[in-house]
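*Asks:* Starting off with a structure, shown below.
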Amino acid sequence: MAEETRNGFGLDVLLAVWSRRKWLAILTFAAPMCAAVSLITFLPNIYRSTATVLVDRQQIPEAFVRSTVTSAFETRLHTISQEILSRARLEVLINRFGLYSDLQGRLPFEEIIRRMRRDIKLELKSAEVRGLREATVAFTISYQGGDAATVSLVTNTLASFYQEENSKARERQATGTAEFLNVQLGETKRRLDEQEQRVSEFKRRHLGELPQQMETNLATLERLHAQLRLNADNQTRAAERRQALSSQLAEAESLVPPTPVAASGSVAPPESSEARLARLKQELTRLRSQFSEKYPDVALLAAEVTALEREVDGTKSRESTTGEKPATPQTTPLTPYLLRLKEALSEVEAEIKILKSEDGRLRNGIASYQARVENVPRREQEFRELSRDYDSTRELYQTLLKRFEEAQLAESMEQRQKGEQFRVLEPAVPNPEPAAPNRLRLLLMALLVSLGLAVGAVVVAEHVDTSFHAVDDLRAVSALPVLISIPRIVTQTDLRRGRWRMRLATGAALIGLVLIVGIAYLAASGNEHLVSLLSRSAGS
């Protein structure tokens, strides 16, 4: 019974509060609700169309043709997006389809470009690959606007832009790679030709000094050293023979007294130098007809003829200078023994001259071959350096040639569109249902907010109002007993005044609601940006 009393008391309080604050609650609820209903009603419809683009991988196996486009697909897709969403591309679309015509007079064109970029959405669709990261197999392009047909056309145009730009980007990258490799190949070929020419010139100039001729040079050098030692021995023996012959000749001449040459010619004069020279020349002519110049007898006799010619020339020059003939010396009679000794001594002198000449030739040959042998390590080092540079350049040239051929195949593949391509799997179609706004959700949210405002206004009004509305309220506060309560006396004047106040308040409320509806219409008419904000707020 007590619980029913308390419930009844609470309901009576609510009814009393409603009786006092009903018009405040109605107005507080009606104003935001009318504004929200008007705003939601007059908001423009936003349509969204989506096109699905499938990523077709390379049609030719990579084992046969390797693609030169090595950048990651996601990176390349974002690069293409930046190209498509550039100001020039979007300006073409805006002018082509007449987009944002209501904003072109009120907003700067850069703001319209940013608005269109916000209306375009790109979403990747990936698939899990075992053991690898997720691979993108497709992506969607969507665009939103106020006209469903125009939105679908713009979406399909954007999809075609992605297709064209992907093909151009891949072909451009493949062509650039091929051109770069072609330039590098030409420079490497020129450097290879220069190095090959230097190697050929080095081989032609220093062929006898290369390492493979080392044994031949050493053998020749050893042979020349042996000939030099033999020549030295021969010179020693010839010098000893000359010394012995000179001693014998001096001893023989000392044993034979000199015989003066008489003017009357009683004693036969010795053979003159001219006669002896003529005789020796005849003998030399005879020997040359039988033997070569290198024959020992011919060489000795030629040397003796040369020495005798110098002696005769010197004698003649002295006679022409002084004008007197030299006194006839006392000569030793020429016996056959003395003649043989002198001939032997002349032969030894000639042999010594020949041996000395041969000694000089051998020493020059030894010096030449010694220089060759000493130059072999240096030449070998130079040849190794030239060969190493040539081999490395040749390997680089072969590598570049192989890569250039692969790049040409990849370029041909991209030109024939056999590489990775974008294919529109599901083109965009006009969507009869608007994507935004969601009016039912917005109405429910507006209803809840209006109710909350009304309840809040009533609670605040009751809290602020300090007057007593019932006897029990006064008894609860005052310690004095309440003897009697007098109800309010309403006269006809009060009634008329109340009715006028009611009419004025109702008119003011209606005018306010009309103003609210008008303001909501102005705010919502064609305001797609507000639709986007409300959609995001409702979604969050």
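If you're wondering about the labels, chains in the structure tokens are A, B, ... by order shown, residues count from 1 in each chain, ligands from 1 in order shown.
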Please identify which residues in region 84-138 of chain A DSSP calls alpha helix (DSSP H) from the backbone, and express them as a ChimeraX atom specification.

*Replies:* /A:84,87-97,109-119

*Asks:* Using only C-alpha atoms, can you tell me which of A:Val424, A:Ala299, A:Leu158, A:Ala446 comes closest to Leu287 (chain A)?

*Replies:*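 The shortest atom-to-atom distance to Leu287 (chain A) comes from A:Ala299.
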
*Asks:* For region 385-397 of chain A, list every protein, DNA or RNA residue within 6 Å, evaluated using only C-alpha atoms, and leave out those in the same chain fewer than 6 positions away; present the list as a list of chain:residue names.

*Replies:*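 These residues fall inside the cut-off: A:Thr188, A:Leu192, A:Gln195.
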
*Asks:* Within 6 Å of region 49-54 of chain A, counting only C-alpha atoms, which residues show up once you throw out same-chain ones fewer than 3 positions away? Write them as a ChimeraX atom specification, please.

*Replies:* /A:138-143,152,422-428

*Asks:* Mind dumping a table of every region 356-439 of chain A residue within 10 Å of region 69-93 of chain A, with the nearest atom pair and its distance in Å to one decimal, using only C-alpha atoms, sorted by chain and rising number, as a Markdown table?

*Replies:*
```
| residue | atom | partner | partner_atom | distance |
| --- | --- | --- | --- | --- |
| A:Ala407 | CA | A:Val69 | CA | 10.0 |
| A:Ala410 | CA | A:Val69 | CA | 8.8 |
| A:Glu411 | CA | A:Val69 | CA | 9.9 |
| A:Glu414 | CA | A:Val69 | CA | 9.7 |
| A:Gly419 | CA | A:Val69 | CA | 9.4 |
| A:Glu420 | CA | A:Val69 | CA | 9.4 |
```
